[in-house]
$ cat protein00.cif   # mmCIF, C-alpha atoms
data_structure
loop_
_atom_site.group_PDB
_atom_site.id
_atom_site.type_symbol
_atom_site.label_atom_id
_atom_site.label_comp_id
_atom_site.auth_asym_id
_atom_site.auth_seq_id
_atom_site.Cartn_x
_atom_site.Cartn_y
_atom_site.Cartn_z
ATOM 1 C CA MET A 3 0.000 0.000 0.000
ATOM 2 C CA LEU A 4 1.296 3.429 -0.964
ATOM 3 C CA PRO A 5 2.081 6.035 1.709
ATOM 4 C CA PRO A 6 -0.578 8.795 2.044
ATOM 5 C CA SER A 7 1.678 11.535 0.616
ATOM 6 C CA LEU A 8 2.609 9.433 -2.438
ATOM 7 C CA ARG A 9 -1.050 8.456 -2.919
ATOM 8 C CA LEU A 10 -2.092 12.122 -2.936
ATOM 9 C CA TRP A 11 0.678 12.946 -5.399
ATOM 10 C CA THR A 12 -0.468 10.110 -7.693
ATOM 11 C CA LEU A 13 -4.051 11.354 -7.573
ATOM 12 C CA GLU A 14 -2.910 14.890 -8.439
ATOM 13 C CA VAL A 15 -0.897 13.616 -11.395
ATOM 14 C CA ARG A 16 -3.868 11.647 -12.704
ATOM 15 C CA LYS A 17 -6.162 14.624 -12.209
ATOM 16 C CA HIS A 18 -3.898 16.945 -14.229
ATOM 17 C CA ARG A 19 -2.457 14.361 -16.607
ATOM 18 C CA GLN A 20 -3.303 16.462 -19.684
ATOM 19 C CA SER A 21 -1.095 19.263 -18.388
ATOM 20 C CA TYR A 22 1.775 16.884 -17.681
ATOM 21 C CA ILE A 23 1.465 15.370 -21.160
ATOM 22 C CA LEU A 24 1.683 18.832 -22.727
ATOM 23 C CA LEU A 25 4.696 19.708 -20.574
ATOM 24 C CA ALA A 26 6.461 16.401 -21.267
ATOM 25 C CA PRO A 27 8.249 17.346 -24.564
ATOM 26 C CA TYR A 28 9.748 20.490 -23.041
ATOM 27 C CA MET A 29 10.696 18.740 -19.793
ATOM 28 C CA ILE A 30 12.394 15.905 -21.667
ATOM 29 C CA LEU A 31 14.441 18.346 -23.754
ATOM 30 C CA PHE A 32 15.218 20.453 -20.678
ATOM 31 C CA LEU A 33 16.455 17.418 -18.747
ATOM 32 C CA LEU A 34 18.508 16.099 -21.681
ATOM 33 C CA PHE A 35 20.137 19.348 -22.812
ATOM 34 C CA THR A 36 20.301 21.419 -19.597
ATOM 35 C CA VAL A 37 20.074 19.395 -16.391
ATOM 36 C CA LEU A 38 22.048 16.368 -17.639
ATOM 37 C CA PRO A 39 24.972 18.420 -19.092
ATOM 38 C CA VAL A 40 25.241 20.436 -15.857
ATOM 39 C CA CYS A 41 25.334 17.246 -13.776
ATOM 40 C CA MET A 42 27.911 15.717 -16.133
ATOM 41 C CA ALA A 43 30.089 18.845 -15.956
ATOM 42 C CA ILE A 44 30.035 18.739 -12.153
ATOM 43 C CA ALA A 45 31.018 15.062 -12.203
ATOM 44 C CA ILE A 46 33.782 15.587 -14.800
ATOM 45 C CA SER A 47 35.195 18.486 -12.747
ATOM 46 C CA PHE A 48 36.506 15.874 -10.268
ATOM 47 C CA THR A 49 38.420 14.020 -12.990
ATOM 48 C CA ASN A 50 41.368 14.405 -15.326
ATOM 49 C CA PHE A 51 39.809 14.136 -18.792
ATOM 50 C CA ASN A 52 41.420 15.027 -22.145
ATOM 51 C CA LEU A 53 38.727 13.617 -24.522
ATOM 52 C CA LEU A 54 41.097 10.823 -25.621
ATOM 53 C CA GLU A 55 41.472 8.769 -22.476
ATOM 54 C CA PHE A 56 38.884 7.576 -19.990
ATOM 55 C CA PRO A 57 38.397 10.131 -17.174
ATOM 56 C CA LYS A 58 40.607 9.544 -14.130
ATOM 57 C CA TRP A 59 39.293 10.490 -10.711
ATOM 58 C CA VAL A 60 41.419 13.232 -9.082
ATOM 59 C CA GLY A 61 39.014 14.492 -6.413
ATOM 60 C CA TRP A 62 39.439 18.148 -5.451
ATOM 61 C CA HIS A 63 42.716 18.535 -7.337
ATOM 62 C CA ASN A 64 41.221 20.728 -10.102
ATOM 63 C CA TYR A 65 39.681 23.117 -7.577
ATOM 64 C CA ALA A 66 42.869 23.313 -5.512
ATOM 65 C CA ARG A 67 44.852 23.997 -8.680
ATOM 66 C CA MET A 68 42.355 26.658 -9.709
ATOM 67 C CA PHE A 69 42.551 28.740 -6.540
ATOM 68 C CA LEU A 70 46.110 28.004 -5.383
ATOM 69 C CA ASP A 71 48.229 27.563 -8.525
ATOM 70 C CA ASP A 72 46.438 29.303 -11.404
ATOM 71 C CA GLU A 73 47.317 33.003 -11.225
ATOM 72 C CA VAL A 74 45.584 33.723 -14.535
ATOM 73 C CA PHE A 75 42.322 32.355 -13.128
ATOM 74 C CA LEU A 76 42.549 34.794 -10.208
ATOM 75 C CA ILE A 77 43.022 37.640 -12.696
ATOM 76 C CA ALA A 78 39.977 36.359 -14.600
ATOM 77 C CA VAL A 79 37.943 36.248 -11.364
ATOM 78 C CA LYS A 80 38.893 39.849 -10.552
ATOM 79 C CA ASN A 81 37.961 41.057 -14.040
ATOM 80 C CA THR A 82 34.704 39.072 -14.086
ATOM 81 C CA PHE A 83 33.554 40.449 -10.741
ATOM 82 C CA LEU A 84 34.495 43.920 -11.971
ATOM 83 C CA PHE A 85 32.222 43.362 -14.974
ATOM 84 C CA ALA A 86 29.460 41.974 -12.760
ATOM 85 C CA GLY A 87 29.794 44.772 -10.201
ATOM 86 C CA ILE A 88 29.854 47.624 -12.732
ATOM 87 C CA VAL A 89 28.118 46.472 -15.916
ATOM 88 C CA GLY A 90 25.437 44.405 -14.154
ATOM 89 C CA PRO A 91 23.881 47.039 -11.838
ATOM 90 C CA ILE A 92 24.445 49.986 -14.195
ATOM 91 C CA SER A 93 22.993 48.199 -17.231
ATOM 92 C CA TYR A 94 20.042 46.954 -15.141
ATOM 93 C CA LEU A 95 19.318 50.481 -13.945
ATOM 94 C CA MET A 96 19.775 51.873 -17.456
ATOM 95 C CA CYS A 97 17.369 49.285 -18.877
ATOM 96 C CA PHE A 98 14.667 50.273 -16.419
ATOM 97 C CA VAL A 99 15.195 54.055 -16.636
ATOM 98 C CA PHE A 100 15.181 54.070 -20.438
ATOM 99 C CA ALA A 101 12.173 51.727 -20.517
ATOM 100 C CA TRP A 102 10.334 53.973 -18.057
ATOM 101 C CA LEU A 103 11.055 57.076 -20.146
ATOM 102 C CA VAL A 104 10.285 55.417 -23.486
ATOM 103 C CA ASN A 105 7.008 54.051 -22.104
ATOM 104 C CA GLU A 106 5.756 57.625 -21.605
ATOM 105 C CA LEU A 107 6.041 58.421 -25.319
ATOM 106 C CA ARG A 108 3.340 58.135 -27.970
ATOM 107 C CA PRO A 109 2.968 54.586 -29.413
ATOM 108 C CA LYS A 110 4.688 55.251 -32.769
ATOM 109 C CA VAL A 111 7.546 57.189 -31.197
ATOM 110 C CA ARG A 112 7.828 54.499 -28.505
ATOM 111 C CA ALA A 113 8.210 51.780 -31.153
ATOM 112 C CA VAL A 114 11.006 53.700 -32.903
ATOM 113 C CA MET A 115 12.860 54.461 -29.665
ATOM 114 C CA THR A 116 12.531 50.835 -28.519
ATOM 115 C CA LEU A 117 14.182 49.679 -31.738
ATOM 116 C CA PHE A 118 16.854 52.370 -31.337
ATOM 117 C CA PHE A 119 17.838 51.166 -27.850
ATOM 118 C CA TYR A 120 17.483 47.449 -28.600
ATOM 119 C CA ALA A 121 19.295 47.405 -31.952
ATOM 120 C CA PRO A 122 22.930 47.120 -30.681
ATOM 121 C CA SER A 123 22.169 43.883 -28.821
ATOM 122 C CA ILE A 124 20.812 42.125 -31.950
ATOM 123 C CA SER A 125 23.253 43.502 -34.511
ATOM 124 C CA GLY A 126 25.820 40.715 -34.271
ATOM 125 C CA ASN A 127 29.355 42.041 -34.522
ATOM 126 C CA VAL A 128 28.312 45.674 -34.665
ATOM 127 C CA PHE A 129 30.656 46.349 -31.737
ATOM 128 C CA PHE A 130 33.492 46.195 -34.287
ATOM 129 C CA ILE A 131 32.794 49.886 -34.813
ATOM 130 C CA TRP A 132 34.548 50.387 -31.486
ATOM 131 C CA GLN A 133 37.713 49.000 -33.064
ATOM 132 C CA ILE A 134 37.610 51.984 -35.423
ATOM 133 C CA ILE A 135 36.854 54.404 -32.593
ATOM 134 C CA PHE A 136 39.796 53.124 -30.510
ATOM 135 C CA SER A 137 42.086 52.224 -33.397
ATOM 136 C CA GLY A 138 45.772 52.442 -32.457
ATOM 137 C CA ASP A 139 46.733 54.796 -35.312
ATOM 138 C CA ARG A 140 45.937 58.435 -36.020
ATOM 139 C CA TYR A 141 42.875 57.386 -38.048
ATOM 140 C CA GLY A 142 41.108 56.156 -34.930
ATOM 141 C CA TYR A 143 38.443 58.624 -33.843
ATOM 142 C CA VAL A 144 39.713 58.973 -30.274
ATOM 143 C CA ASN A 145 43.364 59.267 -31.299
ATOM 144 C CA GLY A 146 42.473 61.729 -34.069
ATOM 145 C CA LEU A 147 40.532 63.915 -31.647
ATOM 146 C CA LEU A 148 43.272 63.857 -28.999
ATOM 147 C CA LEU A 149 45.933 64.654 -31.597
ATOM 148 C CA ASP A 150 43.903 67.569 -32.965
ATOM 149 C CA LEU A 151 43.461 68.932 -29.445
ATOM 150 C CA GLY A 152 47.167 68.568 -28.745
ATOM 151 C CA ALA A 153 46.498 66.306 -25.764
ATOM 152 C CA ILE A 154 48.906 63.623 -27.072
ATOM 153 C CA GLN A 155 51.890 63.646 -29.411
ATOM 154 C CA GLN A 156 51.709 60.014 -30.581
ATOM 155 C CA PRO A 157 48.689 57.731 -31.127
ATOM 156 C CA ILE A 158 47.836 55.468 -28.206
ATOM 157 C CA ILE A 159 47.378 51.779 -28.931
ATOM 158 C CA PHE A 160 44.298 51.535 -26.723
ATOM 159 C CA LEU A 161 43.412 47.891 -27.333
ATOM 160 C CA LYS A 162 46.950 46.661 -26.621
ATOM 161 C CA ASN A 163 47.533 48.789 -23.552
ATOM 162 C CA GLU A 164 46.551 47.109 -20.271
ATOM 163 C CA GLN A 165 45.891 50.519 -18.744
ATOM 164 C CA TYR A 166 42.936 51.105 -21.099
ATOM 165 C CA VAL A 167 41.765 47.818 -22.596
ATOM 166 C CA LEU A 168 39.642 46.554 -19.682
ATOM 167 C CA TRP A 169 37.739 49.843 -19.378
ATOM 168 C CA ILE A 170 37.114 49.910 -23.125
ATOM 169 C CA VAL A 171 35.656 46.391 -22.996
ATOM 170 C CA LEU A 172 33.519 47.490 -20.007
ATOM 171 C CA LEU A 173 32.235 50.453 -22.013
ATOM 172 C CA VAL A 174 31.374 48.348 -25.052
ATOM 173 C CA GLN A 175 29.647 45.679 -22.954
ATOM 174 C CA LEU A 176 27.590 48.385 -21.274
ATOM 175 C CA TRP A 177 26.621 49.747 -24.693
ATOM 176 C CA LEU A 178 25.457 46.270 -25.740
ATOM 177 C CA SER A 179 23.532 45.588 -22.530
ATOM 178 C CA LEU A 180 20.179 47.187 -23.472
ATOM 179 C CA GLY A 181 18.757 43.946 -24.762
ATOM 180 C CA VAL A 182 16.179 41.466 -23.563
ATOM 181 C CA GLY A 183 15.946 43.100 -20.132
ATOM 182 C CA PHE A 184 14.985 46.402 -21.730
ATOM 183 C CA LEU A 185 12.189 44.730 -23.707
ATOM 184 C CA ALA A 186 10.993 42.907 -20.591
ATOM 185 C CA PHE A 187 10.727 46.196 -18.706
ATOM 186 C CA ILE A 188 8.822 47.804 -21.586
ATOM 187 C CA ALA A 189 6.394 44.863 -21.565
ATOM 188 C CA GLY A 190 6.044 45.046 -17.780
ATOM 189 C CA LEU A 191 5.286 48.755 -17.825
ATOM 190 C CA GLN A 192 2.648 48.186 -20.494
ATOM 191 C CA THR A 193 0.823 45.655 -18.302
ATOM 192 C CA VAL A 194 0.561 47.789 -15.151
ATOM 193 C CA ASP A 195 -3.129 48.295 -14.321
ATOM 194 C CA ARG A 196 -3.878 52.029 -14.691
ATOM 195 C CA THR A 197 -6.673 51.858 -12.127
ATOM 196 C CA LEU A 198 -4.051 51.203 -9.457
ATOM 197 C CA PHE A 199 -2.800 54.751 -9.863
ATOM 198 C CA GLU A 200 -6.275 56.128 -9.203
ATOM 199 C CA ALA A 201 -6.612 53.912 -6.141
ATOM 200 C CA GLY A 202 -3.146 54.988 -4.992
ATOM 201 C CA ALA A 203 -4.062 58.664 -5.296
ATOM 202 C CA MET A 204 -7.035 58.045 -3.012
ATOM 203 C CA ASP A 205 -4.761 56.250 -0.521
ATOM 204 C CA GLY A 206 -2.319 59.151 -0.245
ATOM 205 C CA ILE A 207 0.212 58.737 -3.056
ATOM 206 C CA ARG A 208 1.112 62.246 -4.199
ATOM 207 C CA ASN A 209 4.021 62.089 -6.711
ATOM 208 C CA ARG A 210 5.561 59.966 -9.465
ATOM 209 C CA TRP A 211 8.296 58.557 -7.201
ATOM 210 C CA GLN A 212 5.730 57.146 -4.796
ATOM 211 C CA GLU A 213 3.779 55.725 -7.747
ATOM 212 C CA LEU A 214 6.979 54.092 -9.008
ATOM 213 C CA TRP A 215 7.921 52.503 -5.664
ATOM 214 C CA PHE A 216 4.515 51.461 -4.353
ATOM 215 C CA ILE A 217 2.621 50.653 -7.590
ATOM 216 C CA THR A 218 4.756 50.314 -10.715
ATOM 217 C CA LEU A 219 7.648 48.225 -9.369
ATOM 218 C CA PRO A 220 5.522 45.778 -7.319
ATOM 219 C CA SER A 221 3.240 45.284 -10.347
ATOM 220 C CA MET A 222 6.119 44.202 -12.565
ATOM 221 C CA ARG A 223 8.109 41.985 -10.188
ATOM 222 C CA PRO A 224 8.227 39.071 -12.723
ATOM 223 C CA GLN A 225 9.788 41.345 -15.347
ATOM 224 C CA LEU A 226 12.200 42.797 -12.792
ATOM 225 C CA MET A 227 13.297 39.290 -11.852
ATOM 226 C CA PHE A 228 13.667 38.220 -15.485
ATOM 227 C CA GLY A 229 15.702 41.328 -16.292
ATOM 228 C CA ALA A 230 17.938 40.750 -13.265
ATOM 229 C CA VAL A 231 18.636 37.146 -14.266
ATOM 230 C CA MET A 232 19.476 38.181 -17.831
ATOM 231 C CA GLN A 233 21.764 41.030 -16.758
ATOM 232 C CA ILE A 234 23.575 38.881 -14.179
ATOM 233 C CA THR A 235 24.086 36.109 -16.730
ATOM 234 C CA ALA A 236 25.357 38.548 -19.360
ATOM 235 C CA SER A 237 27.752 40.345 -17.006
ATOM 236 C CA PHE A 238 29.283 37.100 -15.685
ATOM 237 C CA ALA A 239 29.510 35.558 -19.173
ATOM 238 C CA VAL A 240 31.460 38.306 -20.956
ATOM 239 C CA ALA A 241 33.729 36.671 -23.526
ATOM 240 C CA ASP A 242 33.068 37.562 -27.188
ATOM 241 C CA VAL A 243 33.538 41.312 -26.759
ATOM 242 C CA SER A 244 36.771 40.811 -24.825
ATOM 243 C CA THR A 245 38.127 38.310 -27.350
ATOM 244 C CA GLN A 246 37.237 40.346 -30.440
ATOM 245 C CA LEU A 247 38.444 43.707 -29.133
ATOM 246 C CA ALA A 248 41.382 42.802 -26.902
ATOM 247 C CA GLY A 249 42.515 39.560 -28.567
ATOM 248 C CA PHE A 250 42.908 36.088 -27.093
ATOM 249 C CA PRO A 251 44.628 36.273 -24.740
ATOM 250 C CA SER A 252 44.551 39.999 -24.092
ATOM 251 C CA VAL A 253 47.756 41.841 -23.214
ATOM 252 C CA ASN A 254 48.946 40.546 -19.819
ATOM 253 C CA TYR A 255 45.453 39.046 -19.443
ATOM 254 C CA ALA A 256 44.147 42.545 -18.690
ATOM 255 C CA ALA A 257 40.680 41.773 -20.161
ATOM 256 C CA HIS A 258 40.674 38.045 -19.360
ATOM 257 C CA THR A 259 37.425 36.716 -17.873
ATOM 258 C CA ILE A 260 36.308 33.407 -16.379
ATOM 259 C CA VAL A 261 34.543 32.450 -19.614
ATOM 260 C CA THR A 262 37.603 33.177 -21.786
ATOM 261 C CA HIS A 263 39.668 31.129 -19.314
ATOM 262 C CA LEU A 264 37.109 28.346 -19.668
ATOM 263 C CA GLU A 265 37.333 28.523 -23.458
ATOM 264 C CA ASP A 266 41.120 28.378 -23.249
ATOM 265 C CA TYR A 267 41.182 25.117 -21.282
ATOM 266 C CA GLY A 268 38.049 23.596 -22.810
ATOM 267 C CA SER A 269 38.397 24.266 -26.539
ATOM 268 C CA ILE A 270 42.146 24.842 -26.994
ATOM 269 C CA ARG A 271 43.985 22.760 -24.386
ATOM 270 C CA PHE A 272 41.207 20.143 -24.091
ATOM 271 C CA GLU A 273 41.676 19.821 -20.329
ATOM 272 C CA MET A 274 38.005 19.056 -19.885
ATOM 273 C CA GLY A 275 38.209 18.189 -16.195
ATOM 274 C CA TYR A 276 39.778 21.525 -15.325
ATOM 275 C CA ALA A 277 37.446 23.389 -17.705
ATOM 276 C CA SER A 278 34.445 21.703 -16.059
ATOM 277 C CA ALA A 279 35.711 22.814 -12.643
ATOM 278 C CA ILE A 280 35.883 26.408 -13.894
ATOM 279 C CA ALA A 281 32.361 26.087 -15.315
ATOM 280 C CA THR A 282 31.091 24.664 -12.012
ATOM 281 C CA VAL A 283 32.523 27.569 -10.024
ATOM 282 C CA LEU A 284 30.958 30.041 -12.456
ATOM 283 C CA PHE A 285 27.623 28.217 -12.201
ATOM 284 C CA VAL A 286 27.664 28.385 -8.382
ATOM 285 C CA VAL A 287 28.532 32.095 -8.460
ATOM 286 C CA MET A 288 25.685 32.845 -10.890
ATOM 287 C CA VAL A 289 23.152 30.876 -8.839
ATOM 288 C CA GLY A 290 24.270 32.599 -5.638
ATOM 289 C CA SER A 291 24.051 36.042 -7.255
ATOM 290 C CA ASN A 292 20.562 35.305 -8.543
ATOM 291 C CA LYS A 293 19.424 34.213 -5.071
ATOM 292 C CA ILE A 294 20.718 37.451 -3.538
ATOM 293 C CA VAL A 295 18.977 39.546 -6.198
ATOM 294 C CA GLN A 296 15.718 37.635 -5.671
ATOM 295 C CA LYS A 297 15.789 38.481 -1.956
ATOM 296 C CA LEU A 298 16.424 42.143 -2.725
ATOM 297 C CA LEU A 299 13.625 42.343 -5.300
ATOM 298 C CA ARG A 300 11.128 40.848 -2.842
ATOM 299 C CA LYS A 301 11.588 43.996 -0.728
ATOM 300 C CA VAL A 302 10.491 46.304 -3.557
ATOM 301 C CA GLY A 303 7.410 48.255 -2.525
ATOM 302 C CA ASP A 304 7.641 47.283 1.158
#
$ encode --input "protein00.cif" --output "structure tokens"
Amino acid sequence: MLPPSLRLWTLEVRKHRQSYILLAPYMILFLLFTVLPVCMAIAISFTNFNLLEFPKWVGWHNYARMFLDDEVFLIAVKNTFLFAGIVGPISYLMCFVFAWLVNELRPKVRAVMTLFFYAPSISGNVFFIWQIIFSGDRYGYVNGLLLDLGAIQQPIIFLKNEQYVLWIVLLVQLWLSLGVGFLAFIAGLQTVDRTLFEAGAMDGIRNRWQELWFITLPSMRPQLMFGAVMQITASFAVADVSTQLAGFPSVNYAAHTIVTHLEDYGSIRFEMGYASAIATVLFVVMVGSNKIVQKLLRKVGD
């Protein structure tokens, strides 16, 4: 005889079996291509695996090597947290502020401005224009301007100078960050019930800031959470912009990130055990950051 809790669960499954059948294709794909690879990566992170030989169990060796012997990884951690600490919050705030302002415009103007802000994130390698802006010769826009002003005597090779390259990559990543989060905020603002503002005015709300804190933000908590997850993921996963602008590896690893370090060991050196350990650490950091943000967003409107 089945335990009472399991019996109740079985009855619930039978009662809603149509819903479970409809969810089954997605859940199967999700388990096969998301959950299973993550579990395999965690398991492989405790082995020495080069894709040619059978994995050999090494325990915590990869993690000890990562934090105690790999100086480049520590540089990558510093740069990644710099990206997450600067690009993440600033881009999140920018997404919401611009969405809030654009939402106040007339529908046709709002559509044009939405495309204007969203375009850089869907334009592929459009950030290559920044290579022209920061080109290391006198034809680069920044060098040309500084030379004309007499601020410098010789062109600066911005993208090969560790003093500048990280901040340039930060700037470009920030420029690219108005993407899915921005659209989510626009959608959230569009769904706020307008009658809540009338009810709020009767309850003592007197200005736009109070409306924002007590009505608008609590009404779009799902969009705020989605935008936070997307911005955190993007800021921790910076790789393409750094590689394309600063090279691989960048000068003295000045723009090296955890993901570029992962690509180095995973797709070039084929040290899959060590690469999986790096991926596992990044996964734990992302999950922890998302949990912290979720707790903070629950306080919105309190």
$ residues_around --input "protein00.cif" --residues "region 176-178 of chain A" --least-positions-apart "6" --cutoff "9 Å" --atoms "only C-alpha atoms" --output "VMD selection string"
chain A and resid 88 to 90 92 to 93 120 to 124 129
$ closest_residue --input "protein00.cif" --among "A:Leu284, A:Leu95, A:Phe184, A:Thr36" --to "Leu117 (chain A)" --atoms "all atoms listed in the file"
A:Phe184
$ resolve_selection --input "protein00.cif" --expression "the PyMOL selection byres ((chain A and resi 189-205) around 8)" --output "ChimeraX atom specification"
/A:101-102,105,185-188,206-208,213,217-218,221-222,225
$ atom_distance --input "protein00.cif" --atom1 "CA of Ile131 (chain A)" --atom2 "CA of Phe118 (chain A)"
16.5 Å
$ atom_distance --input "protein00.cif" --atom1 "CA of Ile134 (chain A)" --atom2 "CA of Leu148 (chain A)"
14.6 Å
$ closest_residue --input "protein00.cif" --among "A:Ala86, A:Ala45, A:Leu172, A:Leu24" --to "Ser244 (chain A)" --atoms "all atoms listed in the file"
A:Leu172
$ atom_distance --input "protein00.cif" --atom1 "CA of Glu164 (chain A)" --atom2 "CA of Tyr255 (chain A)"
8.2 Å
$ closest_atom_pairs --input "protein00.cif" --of "region 77-159 of chain A" --to "region 256-273 of chain A" --cutoff "12 Å" --atoms "only C-alpha atoms" --output "Markdown table"
| residue | atom | partner | partner_atom | distance |
| --- | --- | --- | --- | --- |
| A:Ile77 | CA | A:His258 | CA | 7.1 |
| A:Ala78 | CA | A:Thr259 | CA | 4.2 |
| A:Val79 | CA | A:Ile260 | CA | 6.0 |
| A:Lys80 | CA | A:Thr259 | CA | 8.1 |
| A:Asn81 | CA | A:Thr259 | CA | 5.8 |
| A:Thr82 | CA | A:Thr259 | CA | 5.2 |
| A:Phe83 | CA | A:Thr259 | CA | 8.9 |
| A:Leu84 | CA | A:Thr259 | CA | 9.8 |
| A:Phe85 | CA | A:Thr259 | CA | 8.9 |
| A:Ala86 | CA | A:Thr259 | CA | 10.8 |
$ residues_around --input "protein00.cif" --residues "Met227 (chain A)" --least-positions-apart "5" --cutoff "10 Å" --atoms "all atoms listed in the file" --output "list in words"
Gly183, Ala186, Met222, Met232, Gln233, Asn292, Val295, Gln296, Leu299 and Arg300 of chain A
$ closest_residue --input "protein00.cif" --among "A:Val182, A:Ala66, A:Ala277, A:Ile159" --to "Thr116 (chain A)" --atoms "all atoms listed in the file"
A:Val182
$ closest_residue --input "protein00.cif" --among "A:Pro157, A:Pro220, A:Gly61, A:Gly152" --to "Asp139 (chain A)" --atoms "all atoms listed in the file"
A:Pro157
$ closest_residue --input "protein00.cif" --among "A:Trp215, A:Ala26, A:Met274, A:Val286" --to "Glu55 (chain A)" --atoms "only C-alpha atoms"
A:Met274
$ residues_around --input "protein00.cif" --residues "Trp132 (chain A)" --least-positions-apart "4" --cutoff "9 Å" --atoms "only C-alpha atoms" --output "list in words"
Val128, Phe136, Ser137, Ile170, Val174 and Leu247 of chain A
$ resolve_selection --input "protein00.cif" --expression "the PyMOL selection byres ((chain A and resi 285) around 12)" --output "MDAnalysis selection string"
chainID A and resid 40:41 43:44 234:235 238:239 260:261 278:284 286:292
$ resolve_selection --input "protein00.cif" --expression "the PyMOL selection byres ((chain A and resi 156) around 12)" --output "PyMOL selection string"
chain A and resi 138-141+145-150+152-155+157-160
$ axis_aligned_box --input "protein00.cif" --around "region 54-67 of chain A" --padding-each-side "3 Å" --output "AutoDock Vina command-line options"
--center_x 41.6 --center_y 15.8 --center_z -15.5 --size_x 12.5 --size_y 22.4 --size_z 26.2
$ closest_residue --input "protein00.cif" --among "A:Phe130, A:Trp59, A:Trp11, A:Phe250" --to "Lys162 (chain A)" --atoms "only C-alpha atoms"
A:Phe250
$ decode --input "protein00.cif" --residues "region 32-83 of chain A" --atoms "C-alpha atoms" --output "PDB file, in the first residue's frame"
ATOM      1  CA  PHE A  32      15.218  20.453 -20.678  1.00  0.00           C
ATOM      2  CA  LEU A  33      16.455  17.418 -18.747  1.00  0.00           C
ATOM      3  CA  LEU A  34      18.508  16.099 -21.681  1.00  0.00           C
ATOM      4  CA  PHE A  35      20.137  19.348 -22.812  1.00  0.00           C
ATOM      5  CA  THR A  36      20.301  21.419 -19.597  1.00  0.00           C
ATOM      6  CA  VAL A  37      20.074  19.395 -16.391  1.00  0.00           C
ATOM      7  CA  LEU A  38      22.048  16.368 -17.639  1.00  0.00           C
ATOM      8  CA  PRO A  39      24.972  18.420 -19.092  1.00  0.00           C
ATOM      9  CA  VAL A  40      25.241  20.436 -15.857  1.00  0.00           C
ATOM     10  CA  CYS A  41      25.334  17.246 -13.776  1.00  0.00           C
ATOM     11  CA  MET A  42      27.911  15.717 -16.133  1.00  0.00           C
ATOM     12  CA  ALA A  43      30.089  18.845 -15.956  1.00  0.00           C
ATOM     13  CA  ILE A  44      30.035  18.739 -12.153  1.00  0.00           C
ATOM     14  CA  ALA A  45      31.018  15.062 -12.203  1.00  0.00           C
ATOM     15  CA  ILE A  46      33.782  15.587 -14.800  1.00  0.00           C
ATOM     16  CA  SER A  47      35.195  18.486 -12.747  1.00  0.00           C
ATOM     17  CA  PHE A  48      36.506  15.874 -10.268  1.00  0.00           C
ATOM     18  CA  THR A  49      38.420  14.020 -12.990  1.00  0.00           C
ATOM     19  CA  ASN A  50      41.368  14.405 -15.326  1.00  0.00           C
ATOM     20  CA  PHE A  51      39.809  14.136 -18.792  1.00  0.00           C
ATOM     21  CA  ASN A  52      41.420  15.027 -22.145  1.00  0.00           C
ATOM     22  CA  LEU A  53      38.727  13.617 -24.522  1.00  0.00           C
ATOM     23  CA  LEU A  54      41.097  10.823 -25.621  1.00  0.00           C
ATOM     24  CA  GLU A  55      41.472   8.769 -22.476  1.00  0.00           C
ATOM     25  CA  PHE A  56      38.884   7.576 -19.990  1.00  0.00           C
ATOM     26  CA  PRO A  57      38.397  10.131 -17.174  1.00  0.00           C
ATOM     27  CA  LYS A  58      40.607   9.544 -14.130  1.00  0.00           C
ATOM     28  CA  TRP A  59      39.293  10.490 -10.711  1.00  0.00           C
ATOM     29  CA  VAL A  60      41.419  13.232  -9.082  1.00  0.00           C
ATOM     30  CA  GLY A  61      39.014  14.492  -6.413  1.00  0.00           C
ATOM     31  CA  TRP A  62      39.439  18.148  -5.451  1.00  0.00           C
ATOM     32  CA  HIS A  63      42.716  18.535  -7.337  1.00  0.00           C
ATOM     33  CA  ASN A  64      41.221  20.728 -10.102  1.00  0.00           C
ATOM     34  CA  TYR A  65      39.681  23.117  -7.577  1.00  0.00           C
ATOM     35  CA  ALA A  66      42.869  23.313  -5.512  1.00  0.00           C
ATOM     36  CA  ARG A  67      44.852  23.997  -8.680  1.00  0.00           C
ATOM     37  CA  MET A  68      42.355  26.658  -9.709  1.00  0.00           C
ATOM     38  CA  PHE A  69      42.551  28.740  -6.540  1.00  0.00           C
ATOM     39  CA  LEU A  70      46.110  28.004  -5.383  1.00  0.00           C
ATOM     40  CA  ASP A  71      48.229  27.563  -8.525  1.00  0.00           C
ATOM     41  CA  ASP A  72      46.438  29.303 -11.404  1.00  0.00           C
ATOM     42  CA  GLU A  73      47.317  33.003 -11.225  1.00  0.00           C
ATOM     43  CA  VAL A  74      45.584  33.723 -14.535  1.00  0.00           C
ATOM     44  CA  PHE A  75      42.322  32.355 -13.128  1.00  0.00           C
ATOM     45  CA  LEU A  76      42.549  34.794 -10.208  1.00  0.00           C
ATOM     46  CA  ILE A  77      43.022  37.640 -12.696  1.00  0.00           C
ATOM     47  CA  ALA A  78      39.977  36.359 -14.600  1.00  0.00           C
ATOM     48  CA  VAL A  79      37.943  36.248 -11.364  1.00  0.00           C
ATOM     49  CA  LYS A  80      38.893  39.849 -10.552  1.00  0.00           C
ATOM     50  CA  ASN A  81      37.961  41.057 -14.040  1.00  0.00           C
ATOM     51  CA  THR A  82      34.704  39.072 -14.086  1.00  0.00           C
ATOM     52  CA  PHE A  83      33.554  40.449 -10.741  1.00  0.00           C
TER      53      PHE A  83
END
